[in-house]
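Chemist: Handing you a structure now.
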Amino acid sequence: MKRAKRTIKKMMLIWLCLSVIPFGYYFHLTNEAHRFFVQQLETQSRQYLEHVETKATQLTKLIQQNFAQLSQSPLLLDFAKTGNPTYRNYLKNQWYLTAANVEFFYQLRYLDSQGQEIIRVDYTPQMSHPYIVPDNALQYKGKRDYFYYAQRLAPGEQGYFGIDLEREFGQIVTPYKPGFRMIYPIDHAQQRLGYFIANLEVFGIIKNITSNELGYSVDFIDKSGYYILSNNKNKLFGRLLKERENVNLAYQHPKLWESIHQAPYQSGSLQTPDGLYVFQPFQASLFGNSHDMTLLAMYPQNLINQGFTQRDEEIRMTVIMLLLFFGIIAGFFALLWESYLINRLEQTFNQVVLDNSVAVALTNAHHIILRANIRFCELFDTEPSEIQGKNILDLQPAKTRYKNILKQLQTSGEWQGQVRIGNEEPPHVCKVEVRALEGSIRQISHYVYSFSDISEHYNAILALKEKNERDIMTGLWNKKKFNQTLLHYSRLQERYSNQPQSSLAIIDVDDFKRINDTYGHAVGDQVLLRLANQMLSILRDTDFVSRIGGDEFAVIIQHADVKTSQKLMERISLAIESWQEYDTTISIGIAEITSSHHQSFVNADKALYRSKKKGKNCVSAHGIEQLTVVQNH
């Protein structure tokens with residue numbers, strides 16, 4: 001069962017590695033397909049813009065022909081000269097038929113030389129048939145800007161006015177409607193008789209030349225960035241209406257506007273998150289444009305994404321077939337790989353001397369035990385059947401060293417050191433050597449662990465080290481060990497300022513020289529031993545007690561503030577004073593352990609000096625004015 005799981009894992013690993021090929025193939029082909037699709041769209045868009053310009057040119061010619069027939073009609077000239085009502089009726093009927101058959105004019109008018117409408121025929125897309133405006137509804141246009149323009153036209157000169165906002169009775173037509181007028185003055189015998197004016201159906205014309213089933217939106221942009229013509233009505237009149245002054249290509253799409261100006265009078269394209277923009281200069285004379293205009297088409301991004309999706313789906317089917325094929329190959333190679341590893345594992349383990357005095361274990365690359373000799377099982381007090389499948393690092397309590405061990409193994413492939421086995425005292429210590437074995441692809445496949453028992457040697461060194469740090473007479477820690485320990489606590493305070501406070505107490509036997517001179521040095525030694533024993537019995541196991549001089553002792557009271565430590569020292573002082581065999585007292589100074597070990601000692605020493613100065617047999621605390629005195633009995 002385990003072998004089957006390992007084989008499946010290897011098959012999945014090989015399959016994942018091989019899947020890089022079809023996935024790379026997929027991403028490469030999709031990128032190429034997307035790029036080719038966009039190139040096709042650019043070519044198609046340019047062809048479409050050329051088609052729009054061709055239709056605009058053809059439509060312009062057709063509009064011009066119809067306008068010439070109407071404006072230069074002999075009947076219109078005769079009516080202008082005579083004002084004959086019969087001619088007027090003929091003109092109304094003629095314009096009625098023209099409006100019904102030519103969809104590009106939505107208004108045909110004749111104005112006299114003062115600007116008064118004489119004849120007017122309307123035909124908008126909303127009407128079922130043309131409408132001849134009655135005489136009482138005709139308007140005076142003499143104050144309109146286009147009439148002032150018409151008055152400046154020379155005889156026989158055809159004029160164009162607009163595109164601007166259409167007005168009726170002096171008010172802007174809503175919803176907003178673009179107005180463009182073709183104007184021809186009617187002159188006779190050097191006298192201006194009136195004007196023929198045709199209003200073009202701008203929206204209808206734009207729809208006619210830009211209609212498409214491909215999804216393009218089309219805009220005509222002037223040199224200032226405003227939309228002069230567009231199949232989106234909301235983009236128009238940016239230069240005429242205050243509320244639409246920001247509807248400008250330069251504001252809305254600055255990168256596109258920059259691209260257009262980087263290649264003036266040339267076609268180009270730009271792909272944006274909105275879609276693909278293709279532009280080219282507009283050369284046709286539609287609506288009498290004499291200024292520069294840019295024809296801009298946009299293919300929406302959602303339609304581009306649809307094209308991408310369709311092509312991706314075709315490529316995806318090919319990739320799925322490749323993945324299935326590689327899965328079969330992966331299964332075959334996984335079986336070969338597993339057989340090879342089993343044979344190699346047996347060979348590797350047989351090469352290692354297992355049944356000797358050294359404990360040996362063979363693990364995989366994840367430190368899972370695969371083989372172990374009898375000595376190894378005895379060392380860890382377990383059975384061979386139970387040890388397999390366990391992580392060898394979990395058998396060692398010093399887990400904090402794992403990171404350093406693993407890091408060195410990954411770097412050099414070897415590690416040597418000492419580890420402690422179990423928690424008993426004295427400690428059971430082994431020297432450990434770890435060596436990595438590389439696989440066929442120069443990656444670590446196994447580790448060989450060897451354990452040598454050095455407990456006796458290690459414990460002897462510890463005993464010798466402790467002996468060097470102990471005071472020979474009292475058995476307390478000596479001054480060197482005290483200095484190291486005080487420095488350690490100061491550094492802890494510096495690094496972890498929010499940890500519980502610890503205190504330092506310095507103890508001195510009062511008039512110790514008198515004791516030696518009166519009773520002899522043997523009694524002096526007995527006094528020091530009694531003081532040492534009293535401190536060890538009263539203080540906690542976690543407190544550090546040391547002899548730092550002849551009759552001077554130091555205590556580091558862990559996790560206790562100065563006031564708590566002061567009460568503890570008072571108990572010791574009373575215990576020494578109550579010794580009836582010899583008249584003995586002590587003086588004590590206490591201070592908080594700060595981040596400076598030197599200053600902490602100085603503060604405790606100053607407190608001890610205060611105790612001496614106050615008459616001895618006292619406990620004084622640095623920074624606390626009150627002095628506690630233990631009286632002799």
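Every chain in the structure tokens has a letter given in the order shown (A, B, ...), and although residue numbers restart at 1 in each chain, ligands are simply numbered from 1 in the order shown.
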Could you pull out the alpha helix (DSSP H) residues of region 77-129 of chain A from DSSP and send them as a ChimeraX atom specification?

Modeler: /A:77-82,85-101

Chemist: Region 474-530 of chain A near region 571-580 of chain A within 10 Å: what's each residue's closest atom pair and its distance in Å to one decimal, counting only C-alpha atoms, ordered by chain then ascending residue number, as a Markdown table?

Modeler:
```
| residue | atom | partner | partner_atom | distance |
| --- | --- | --- | --- | --- |
| A:Ile507 | CA | A:Ser573 | CA | 9.4 |
| A:Val509 | CA | A:Ile576 | CA | 9.7 |
| A:Val527 | CA | A:Ile576 | CA | 9.0 |
| A:Arg530 | CA | A:Ile576 | CA | 7.9 |
```

Chemist: Produce a file of the selected residues containing all heavy atoms, as a PDB file, in the first residue's frame.

Modeler:
```pdb
ATOM      1  N   ILE A 507      25.490  41.320  50.572  1.00  0.00           N
ATOM      2  CA  ILE A 507      25.449  41.019  52.014  1.00  0.00           C
ATOM      3  C   ILE A 507      26.879  41.039  52.563  1.00  0.00           C
ATOM      4  O   ILE A 507      27.794  40.458  51.955  1.00  0.00           O
ATOM      5  CB  ILE A 507      24.815  39.642  52.255  1.00  0.00           C
ATOM      6  CG1 ILE A 507      23.385  39.638  51.642  1.00  0.00           C
ATOM      7  CG2 ILE A 507      24.773  39.272  53.722  1.00  0.00           C
ATOM      8  CD1 ILE A 507      22.967  38.353  51.083  1.00  0.00           C
ATOM      9  N   VAL A 509      29.101  40.614  56.349  1.00  0.00           N
ATOM     10  CA  VAL A 509      29.073  40.253  57.781  1.00  0.00           C
ATOM     11  C   VAL A 509      29.627  41.428  58.588  1.00  0.00           C
ATOM     12  O   VAL A 509      30.724  41.929  58.314  1.00  0.00           O
ATOM     13  CB  VAL A 509      29.902  38.978  58.034  1.00  0.00           C
ATOM     14  CG1 VAL A 509      29.874  38.621  59.526  1.00  0.00           C
ATOM     15  CG2 VAL A 509      29.367  37.818  57.188  1.00  0.00           C
ATOM     16  N   VAL A 527      31.006  30.863  60.656  1.00  0.00           N
ATOM     17  CA  VAL A 527      30.004  31.925  60.452  1.00  0.00           C
ATOM     18  C   VAL A 527      29.645  32.035  58.975  1.00  0.00           C
ATOM     19  O   VAL A 527      28.472  32.165  58.589  1.00  0.00           O
ATOM     20  CB  VAL A 527      30.535  33.260  60.993  1.00  0.00           C
ATOM     21  CG1 VAL A 527      29.621  34.413  60.542  1.00  0.00           C
ATOM     22  CG2 VAL A 527      30.629  33.219  62.507  1.00  0.00           C
ATOM     23  N   ARG A 530      27.464  29.107  57.960  1.00  0.00           N
ATOM     24  CA  ARG A 530      26.101  29.237  58.454  1.00  0.00           C
ATOM     25  C   ARG A 530      25.321  30.236  57.600  1.00  0.00           C
ATOM     26  O   ARG A 530      24.156  30.005  57.243  1.00  0.00           O
ATOM     27  CB  ARG A 530      26.091  29.672  59.918  1.00  0.00           C
ATOM     28  CG  ARG A 530      24.652  29.904  60.443  1.00  0.00           C
ATOM     29  CD  ARG A 530      24.616  30.124  61.921  1.00  0.00           C
ATOM     30  NE  ARG A 530      23.267  30.474  62.346  1.00  0.00           N
ATOM     31  CZ  ARG A 530      22.279  29.605  62.512  1.00  0.00           C
ATOM     32  NH1 ARG A 530      22.470  28.315  62.279  1.00  0.00           N
ATOM     33  NH2 ARG A 530      21.078  30.007  62.912  1.00  0.00           N
TER      34      ARG A 530
END
```

Chemist: So the first atom is CA of Thr363 (chain A) and the second is CA of Arg375 (chain A); what is the distance between them in Å, to one decimal place?

Modeler: 16.0 Å

Chemist: Check the smallest atom-to-atom distance from each of A:Leu486, A:Leu568, A:Met473, A:Val545 to Ser596 (chain A) using only C-alpha atoms, then report the winner.

Modeler: A:Leu486

Chemist: To one decimal place, how far is CA of Glu157 (chain A) from CA of Met293 (chain A) in Å?

Modeler: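 Pair CA of Glu157 (chain A) / CA of Met293 (chain A) returns 23.8 Å.
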
Chemist: With a distance cut-off of 10 Å and only C-alpha atoms, select the neighbouring residues of region 188-192 of chain A, excluding the residue or stretch itself and same-chain residues fewer than 5 positions from it, and output the selection as a ChimeraX atom specification.

Modeler: /A:77-78,80-81,112-114,151,154-155

Chemist: Store the residues picked out above in a file with N, CA and C atoms, as a PDB file, in the first residue's frame.

Modeler:
```
ATOM      1  N   LEU A  77     -35.780  80.411 -59.428  1.00  0.00           N
ATOM      2  CA  LEU A  77     -35.352  81.749 -59.824  1.00  0.00           C
ATOM      3  C   LEU A  77     -36.548  82.588 -60.287  1.00  0.00           C
ATOM      4  N   ASP A  78     -37.447  81.956 -61.067  1.00  0.00           N
ATOM      5  CA  ASP A  78     -38.629  82.693 -61.549  1.00  0.00           C
ATOM      6  C   ASP A  78     -39.494  83.137 -60.372  1.00  0.00           C
ATOM      7  N   ALA A  80     -38.481  83.687 -57.309  1.00  0.00           N
ATOM      8  CA  ALA A  80     -37.774  84.729 -56.566  1.00  0.00           C
ATOM      9  C   ALA A  80     -37.926  86.076 -57.257  1.00  0.00           C
ATOM     10  N   LYS A  81     -37.962  86.069 -58.588  1.00  0.00           N
ATOM     11  CA  LYS A  81     -38.075  87.335 -59.321  1.00  0.00           C
ATOM     12  C   LYS A  81     -39.505  87.870 -59.304  1.00  0.00           C
ATOM     13  N   ASP A 112     -36.416  85.099 -48.069  1.00  0.00           N
ATOM     14  CA  ASP A 112     -36.215  86.296 -48.895  1.00  0.00           C
ATOM     15  C   ASP A 112     -34.958  87.012 -48.438  1.00  0.00           C
ATOM     16  N   SER A 113     -34.662  88.127 -49.048  1.00  0.00           N
ATOM     17  CA  SER A 113     -33.399  88.821 -48.772  1.00  0.00           C
ATOM     18  C   SER A 113     -33.348  89.407 -47.363  1.00  0.00           C
ATOM     19  N   GLN A 114     -34.521  89.491 -46.660  1.00  0.00           N
ATOM     20  CA  GLN A 114     -34.551  90.019 -45.307  1.00  0.00           C
ATOM     21  C   GLN A 114     -34.506  88.922 -44.243  1.00  0.00           C
ATOM     22  N   GLN A 151     -25.497  86.150 -46.057  1.00  0.00           N
ATOM     23  CA  GLN A 151     -25.453  87.473 -46.694  1.00  0.00           C
ATOM     24  C   GLN A 151     -24.069  87.802 -47.243  1.00  0.00           C
ATOM     25  N   ALA A 154     -20.894  85.294 -52.061  1.00  0.00           N
ATOM     26  CA  ALA A 154     -20.863  85.969 -53.364  1.00  0.00           C
ATOM     27  C   ALA A 154     -21.889  85.335 -54.283  1.00  0.00           C
ATOM     28  N   PRO A 155     -22.310  85.995 -55.309  1.00  0.00           N
ATOM     29  CA  PRO A 155     -23.264  85.409 -56.266  1.00  0.00           C
ATOM     30  C   PRO A 155     -22.706  84.091 -56.820  1.00  0.00           C
TER      31      PRO A 155
END
```

Chemist: Report as number ranges by chain all protein, DNA and RNA residues lying within 12 Å of Lys61 (chain A), evaluated on only C-alpha atoms, omitting residues in the same chain fewer than 5 positions from it.

Modeler: A: 54-56, 66-68, 284-288

Chemist: What gap, in Å, lies between CA of Leu608 (chain A) and CA of Gln526 (chain A)?

Modeler: 22.8 Å

Chemist: Within 10 Å of region 11-23 of chain A, counting only C-alpha atoms, which residues show up once you throw out same-chain ones fewer than 6 positions away? Write them as a list in words, please.

Modeler: Lys5, Leu29, Arg316, Thr318, Val319, Ile320, Met321, Leu322, Leu323, Leu324, Phe325, Phe326, Gly327, Ile328, Ile329, Ala330, Gly331, Phe332, Phe333, Ala334, Leu335, Trp337 and Glu338 of chain A

Chemist: Take the residues from that selection and put them in a file with C-alpha atoms, as an mmCIF file, in the first residue's frame.

Modeler:
```
data_model
loop_
_atom_site.group_PDB
_atom_site.id
_atom_site.type_symbol
_atom_site.label_atom_id
_atom_site.label_comp_id
_atom_site.auth_asym_id
_atom_site.auth_seq_id
_atom_site.Cartn_x
_atom_site.Cartn_y
_atom_site.Cartn_z
ATOM 1 C CA LYS A 5 1.184 5.656 -2.614
ATOM 2 C CA LEU A 29 -0.119 29.615 -28.771
ATOM 3 C CA ARG A 316 -7.348 24.124 -24.844
ATOM 4 C CA THR A 318 -5.264 20.201 -27.889
ATOM 5 C CA VAL A 319 -3.572 20.827 -24.523
ATOM 6 C CA ILE A 320 -5.962 18.433 -22.724
ATOM 7 C CA MET A 321 -5.047 15.665 -25.155
ATOM 8 C CA LEU A 322 -1.352 16.341 -24.518
ATOM 9 C CA LEU A 323 -1.871 16.233 -20.737
ATOM 10 C CA LEU A 324 -3.581 12.845 -20.948
ATOM 11 C CA PHE A 325 -0.754 11.512 -23.095
ATOM 12 C CA PHE A 326 1.880 12.794 -20.673
ATOM 13 C CA GLY A 327 -0.080 11.248 -17.772
ATOM 14 C CA ILE A 328 0.372 7.796 -19.318
ATOM 15 C CA ILE A 329 4.088 8.452 -19.792
ATOM 16 C CA ALA A 330 4.364 9.701 -16.180
ATOM 17 C CA GLY A 331 2.807 6.475 -14.840
ATOM 18 C CA PHE A 332 5.290 4.336 -16.757
ATOM 19 C CA PHE A 333 8.325 6.303 -15.571
ATOM 20 C CA ALA A 334 7.024 6.379 -11.959
ATOM 21 C CA LEU A 335 7.055 2.581 -11.862
ATOM 22 C CA TRP A 337 11.664 5.216 -10.657
ATOM 23 C CA GLU A 338 10.173 3.400 -7.663
#
```

Chemist: I need the residues in region 220-459 of chain A that are strand (DSSP E) according to DSSP; give them as a PyMOL selection string.

Modeler: chain A and resi 220-222+227-230+268-272+275-281+293-300+359-364+369-372+414-421+428-438+444-453

Chemist: Tell me which protein, DNA and RNA residues are within 12 Å of region 601-606 of chain A, counting only C-alpha atoms, leaving out same-chain ones fewer than 5 positions away, and put them as a PDB file with N, CA, C and O atoms, in the first residue's frame.

Modeler:
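Full text of around.pdb as output:
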```pdb
ATOM      1  N   PHE A 482      29.357  35.024  39.228  1.00  0.00           N
ATOM      2  CA  PHE A 482      28.414  36.089  39.575  1.00  0.00           C
ATOM      3  C   PHE A 482      28.443  37.196  38.529  1.00  0.00           C
ATOM      4  O   PHE A 482      27.396  37.683  38.086  1.00  0.00           O
ATOM      5  N   ASN A 483      29.625  37.623  38.133  1.00  0.00           N
ATOM      6  CA  ASN A 483      29.729  38.695  37.140  1.00  0.00           C
ATOM      7  C   ASN A 483      29.064  38.289  35.820  1.00  0.00           C
ATOM      8  O   ASN A 483      28.380  39.084  35.175  1.00  0.00           O
ATOM      9  N   LEU A 486      25.170  38.306  36.424  1.00  0.00           N
ATOM     10  CA  LEU A 486      24.615  39.664  36.516  1.00  0.00           C
ATOM     11  C   LEU A 486      24.572  40.316  35.139  1.00  0.00           C
ATOM     12  O   LEU A 486      23.590  40.998  34.783  1.00  0.00           O
ATOM     13  N   LEU A 487      25.628  40.126  34.348  1.00  0.00           N
ATOM     14  CA  LEU A 487      25.644  40.664  32.982  1.00  0.00           C
ATOM     15  C   LEU A 487      24.506  40.057  32.156  1.00  0.00           C
ATOM     16  O   LEU A 487      23.836  40.760  31.382  1.00  0.00           O
ATOM     17  N   SER A 490      21.224  41.717  33.134  1.00  0.00           N
ATOM     18  CA  SER A 490      21.173  43.099  32.640  1.00  0.00           C
ATOM     19  C   SER A 490      20.835  43.124  31.151  1.00  0.00           C
ATOM     20  O   SER A 490      20.068  43.965  30.675  1.00  0.00           O
ATOM     21  N   SER A 503      16.092  41.627  41.286  1.00  0.00           N
ATOM     22  CA  SER A 503      16.821  42.489  42.216  1.00  0.00           C
ATOM     23  C   SER A 503      18.177  41.865  42.564  1.00  0.00           C
ATOM     24  O   SER A 503      18.388  40.651  42.441  1.00  0.00           O
ATOM     25  N   LEU A 504      19.084  42.762  43.001  1.00  0.00           N
ATOM     26  CA  LEU A 504      20.428  42.352  43.424  1.00  0.00           C
ATOM     27  C   LEU A 504      20.614  42.748  44.888  1.00  0.00           C
ATOM     28  O   LEU A 504      20.337  43.893  45.271  1.00  0.00           O
ATOM     29  N   ALA A 505      21.074  41.799  45.707  1.00  0.00           N
ATOM     30  CA  ALA A 505      21.349  42.074  47.123  1.00  0.00           C
ATOM     31  C   ALA A 505      22.821  41.758  47.416  1.00  0.00           C
ATOM     32  O   ALA A 505      23.333  40.710  46.996  1.00  0.00           O
ATOM     33  N   ILE A 506      23.503  42.692  48.089  1.00  0.00           N
ATOM     34  CA  ILE A 506      24.885  42.477  48.522  1.00  0.00           C
ATOM     35  C   ILE A 506      24.887  42.383  50.052  1.00  0.00           C
ATOM     36  O   ILE A 506      24.331  43.251  50.748  1.00  0.00           O
ATOM     37  N   ILE A 507      25.490  41.320  50.572  1.00  0.00           N
ATOM     38  CA  ILE A 507      25.449  41.019  52.014  1.00  0.00           C
ATOM     39  C   ILE A 507      26.879  41.039  52.563  1.00  0.00           C
ATOM     40  O   ILE A 507      27.794  40.458  51.955  1.00  0.00           O
ATOM     41  N   ASP A 508      27.025  41.698  53.698  1.00  0.00           N
ATOM     42  CA  ASP A 508      28.349  41.792  54.336  1.00  0.00           C
ATOM     43  C   ASP A 508      28.201  41.457  55.834  1.00  0.00           C
ATOM     44  O   ASP A 508      27.277  41.936  56.496  1.00  0.00           O
ATOM     45  N   ILE A 548      31.350  36.673  46.783  1.00  0.00           N
ATOM     46  CA  ILE A 548      32.145  37.519  45.889  1.00  0.00           C
ATOM     47  C   ILE A 548      33.368  38.108  46.586  1.00  0.00           C
ATOM     48  O   ILE A 548      34.142  38.839  45.976  1.00  0.00           O
ATOM     49  N   GLU A 552      31.832  38.818  51.986  1.00  0.00           N
ATOM     50  CA  GLU A 552      30.829  39.527  51.178  1.00  0.00           C
ATOM     51  C   GLU A 552      30.164  38.527  50.237  1.00  0.00           C
ATOM     52  O   GLU A 552      30.824  37.729  49.563  1.00  0.00           O
ATOM     53  N   PHE A 553      28.812  38.603  50.197  1.00  0.00           N
ATOM     54  CA  PHE A 553      28.021  37.708  49.373  1.00  0.00           C
ATOM     55  C   PHE A 553      27.103  38.554  48.468  1.00  0.00           C
ATOM     56  O   PHE A 553      26.808  39.705  48.783  1.00  0.00           O
ATOM     57  N   ALA A 554      26.664  37.919  47.388  1.00  0.00           N
ATOM     58  CA  ALA A 554      25.733  38.600  46.466  1.00  0.00           C
ATOM     59  C   ALA A 554      24.627  37.617  46.080  1.00  0.00           C
ATOM     60  O   ALA A 554      24.897  36.425  45.852  1.00  0.00           O
ATOM     61  N   VAL A 555      23.404  38.132  46.006  1.00  0.00           N
ATOM     62  CA  VAL A 555      22.247  37.303  45.650  1.00  0.00           C
ATOM     63  C   VAL A 555      21.488  38.002  44.517  1.00  0.00           C
ATOM     64  O   VAL A 555      21.177  39.197  44.623  1.00  0.00           O
ATOM     65  N   ILE A 556      21.191  37.264  43.472  1.00  0.00           N
ATOM     66  CA  ILE A 556      20.308  37.756  42.396  1.00  0.00           C
ATOM     67  C   ILE A 556      18.950  37.099  42.613  1.00  0.00           C
ATOM     68  O   ILE A 556      18.809  35.871  42.514  1.00  0.00           O
ATOM     69  N   VAL A 562      12.128  45.329  44.397  1.00  0.00           N
ATOM     70  CA  VAL A 562      12.982  45.703  45.518  1.00  0.00           C
ATOM     71  C   VAL A 562      12.266  45.489  46.858  1.00  0.00           C
ATOM     72  O   VAL A 562      12.854  44.966  47.823  1.00  0.00           O
ATOM     73  N   GLN A 566      13.435  43.018  49.744  1.00  0.00           N
ATOM     74  CA  GLN A 566      13.788  43.582  51.057  1.00  0.00           C
ATOM     75  C   GLN A 566      13.204  42.721  52.178  1.00  0.00           C
ATOM     76  O   GLN A 566      13.881  42.402  53.175  1.00  0.00           O
ATOM     77  N   SER A 587      24.817  43.172  57.305  1.00  0.00           N
ATOM     78  CA  SER A 587      24.244  44.374  56.660  1.00  0.00           C
ATOM     79  C   SER A 587      23.985  44.050  55.196  1.00  0.00           C
ATOM     80  O   SER A 587      24.787  43.354  54.555  1.00  0.00           O
ATOM     81  N   ILE A 588      22.877  44.571  54.695  1.00  0.00           N
ATOM     82  CA  ILE A 588      22.437  44.197  53.333  1.00  0.00           C
ATOM     83  C   ILE A 588      22.044  45.462  52.562  1.00  0.00           C
ATOM     84  O   ILE A 588      21.387  46.352  53.095  1.00  0.00           O
ATOM     85  N   GLY A 589      22.456  45.497  51.305  1.00  0.00           N
ATOM     86  CA  GLY A 589      22.025  46.562  50.385  1.00  0.00           C
ATOM     87  C   GLY A 589      21.344  45.949  49.171  1.00  0.00           C
ATOM     88  O   GLY A 589      21.845  44.977  48.588  1.00  0.00           O
ATOM     89  N   ILE A 590      20.199  46.514  48.746  1.00  0.00           N
ATOM     90  CA  ILE A 590      19.390  45.947  47.651  1.00  0.00           C
ATOM     91  C   ILE A 590      19.184  47.023  46.582  1.00  0.00           C
ATOM     92  O   ILE A 590      18.983  48.199  46.899  1.00  0.00           O
ATOM     93  N   ALA A 591      19.214  46.586  45.313  1.00  0.00           N
ATOM     94  CA  ALA A 591      18.947  47.502  44.184  1.00  0.00           C
ATOM     95  C   ALA A 591      18.292  46.724  43.047  1.00  0.00           C
ATOM     96  O   ALA A 591      18.458  45.501  42.917  1.00  0.00           O
ATOM     97  N   GLU A 592      17.564  47.441  42.235  1.00  0.00           N
ATOM     98  CA  GLU A 592      16.937  46.850  41.040  1.00  0.00           C
ATOM     99  C   GLU A 592      18.017  46.565  39.988  1.00  0.00           C
ATOM    100  O   GLU A 592      18.935  47.350  39.797  1.00  0.00           O
ATOM    101  N   ILE A 593      17.902  45.443  39.292  1.00  0.00           N
ATOM    102  CA  ILE A 593      18.829  45.131  38.187  1.00  0.00           C
ATOM    103  C   ILE A 593      18.344  45.857  36.938  1.00  0.00           C
ATOM    104  O   ILE A 593      17.236  45.621  36.461  1.00  0.00           O
ATOM    105  N   THR A 594      19.178  46.754  36.461  1.00  0.00           N
ATOM    106  CA  THR A 594      18.847  47.544  35.276  1.00  0.00           C
ATOM    107  C   THR A 594      19.612  47.015  34.073  1.00  0.00           C
ATOM    108  O   THR A 594      20.298  45.996  34.146  1.00  0.00           O
ATOM    109  N   SER A 595      19.507  47.743  32.944  1.00  0.00           N
ATOM    110  CA  SER A 595      20.204  47.315  31.735  1.00  0.00           C
ATOM    111  C   SER A 595      21.714  47.499  31.846  1.00  0.00           C
ATOM    112  O   SER A 595      22.456  47.011  30.997  1.00  0.00           O
ATOM    113  N   SER A 596      22.185  48.185  32.890  1.00  0.00           N
ATOM    114  CA  SER A 596      23.628  48.350  33.124  1.00  0.00           C
ATOM    115  C   SER A 596      24.021  47.518  34.346  1.00  0.00           C
ATOM    116  O   SER A 596      23.621  47.812  35.472  1.00  0.00           O
ATOM    117  N   SER A 611      23.432  50.968  55.019  1.00  0.00           N
ATOM    118  CA  SER A 611      23.170  50.081  56.154  1.00  0.00           C
ATOM    119  C   SER A 611      24.305  50.147  57.177  1.00  0.00           C
ATOM    120  O   SER A 611      24.068  50.177  58.398  1.00  0.00           O
ATOM    121  N   LYS A 612      25.539  50.161  56.703  1.00  0.00           N
ATOM    122  CA  LYS A 612      26.690  50.261  57.602  1.00  0.00           C
ATOM    123  C   LYS A 612      26.670  51.591  58.351  1.00  0.00           C
ATOM    124  O   LYS A 612      26.933  51.669  59.560  1.00  0.00           O
ATOM    125  N   LYS A 613      26.339  52.648  57.633  1.00  0.00           N
ATOM    126  CA  LYS A 613      26.352  53.983  58.201  1.00  0.00           C
ATOM    127  C   LYS A 613      25.269  54.158  59.261  1.00  0.00           C
ATOM    128  O   LYS A 613      25.425  54.914  60.222  1.00  0.00           O
ATOM    129  N   VAL A 619      18.818  46.396  56.596  1.00  0.00           N
ATOM    130  CA  VAL A 619      18.529  46.101  55.186  1.00  0.00           C
ATOM    131  C   VAL A 619      18.114  47.415  54.538  1.00  0.00           C
ATOM    132  O   VAL A 619      17.083  47.987  54.907  1.00  0.00           O
ATOM    133  N   SER A 620      18.896  47.893  53.595  1.00  0.00           N
ATOM    134  CA  SER A 620      18.602  49.158  52.909  1.00  0.00           C
ATOM    135  C   SER A 620      18.363  48.882  51.433  1.00  0.00           C
ATOM    136  O   SER A 620      18.998  48.008  50.833  1.00  0.00           O
ATOM    137  N   ALA A 621      17.435  49.646  50.856  1.00  0.00           N
ATOM    138  CA  ALA A 621      17.094  49.482  49.432  1.00  0.00           C
ATOM    139  C   ALA A 621      17.400  50.770  48.692  1.00  0.00           C
ATOM    140  O   ALA A 621      17.025  51.852  49.135  1.00  0.00           O
ATOM    141  N   HIS A 622      18.051  50.661  47.579  1.00  0.00           N
ATOM    142  CA  HIS A 622      18.390  51.827  46.764  1.00  0.00           C
ATOM    143  C   HIS A 622      17.110  52.461  46.203  1.00  0.00           C
ATOM    144  O   HIS A 622      16.247  51.780  45.653  1.00  0.00           O
ATOM    145  N   GLY A 623      17.017  53.778  46.413  1.00  0.00           N
ATOM    146  CA  GLY A 623      15.854  54.501  45.903  1.00  0.00           C
ATOM    147  C   GLY A 623      14.700  54.547  46.865  1.00  0.00           C
ATOM    148  O   GLY A 623      13.662  55.146  46.573  1.00  0.00           O
ATOM    149  N   ILE A 624      14.814  53.890  48.034  1.00  0.00           N
ATOM    150  CA  ILE A 624      13.752  53.925  49.050  1.00  0.00           C
ATOM    151  C   ILE A 624      14.336  54.562  50.308  1.00  0.00           C
ATOM    152  O   ILE A 624      15.311  54.056  50.882  1.00  0.00           O
TER     153      ILE A 624
END
```

Chemist: Could you list, as a list of chain:residue names, every residue within 12 Å of Ile304 (chain A), counting only C-alpha atoms and ignoring same-chain residues fewer than 3 positions away?

Modeler: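 Listed by chain and then number, they are A:Ala33, A:His34, A:Arg35, A:Phe36, A:Phe37, A:Val38, A:Gln39, A:Gln40, A:Leu41, A:Glu42, A:Leu214, A:Gly215, A:Tyr216, A:Gln271, A:Thr272, A:Pro273, A:Asp274, A:Gly275, A:Leu276, A:Tyr277, A:Met298, A:Tyr299, A:Pro300, A:Gln301, A:Gly307, A:Phe308, A:Thr309, A:Gln310, A:Arg311.
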
Chemist: Of the candidates A:Arg495, A:Tyr195, A:Leu437, A:His559, which one gets nearest to Gly142 (chain A) if we count only C-alpha atoms?

Modeler: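 Of the candidates, the smallest distance to Gly142 (chain A) is held by A:Tyr195.
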
Chemist: Go through A:Phe196, A:Ile172, A:Cys430, A:Gly156 and flag the residue nearest Val358 (chain A), using only C-alpha atoms for the distances.

Modeler: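 Looking at the shortest contact to Val358 (chain A), the residue is A:Cys430.
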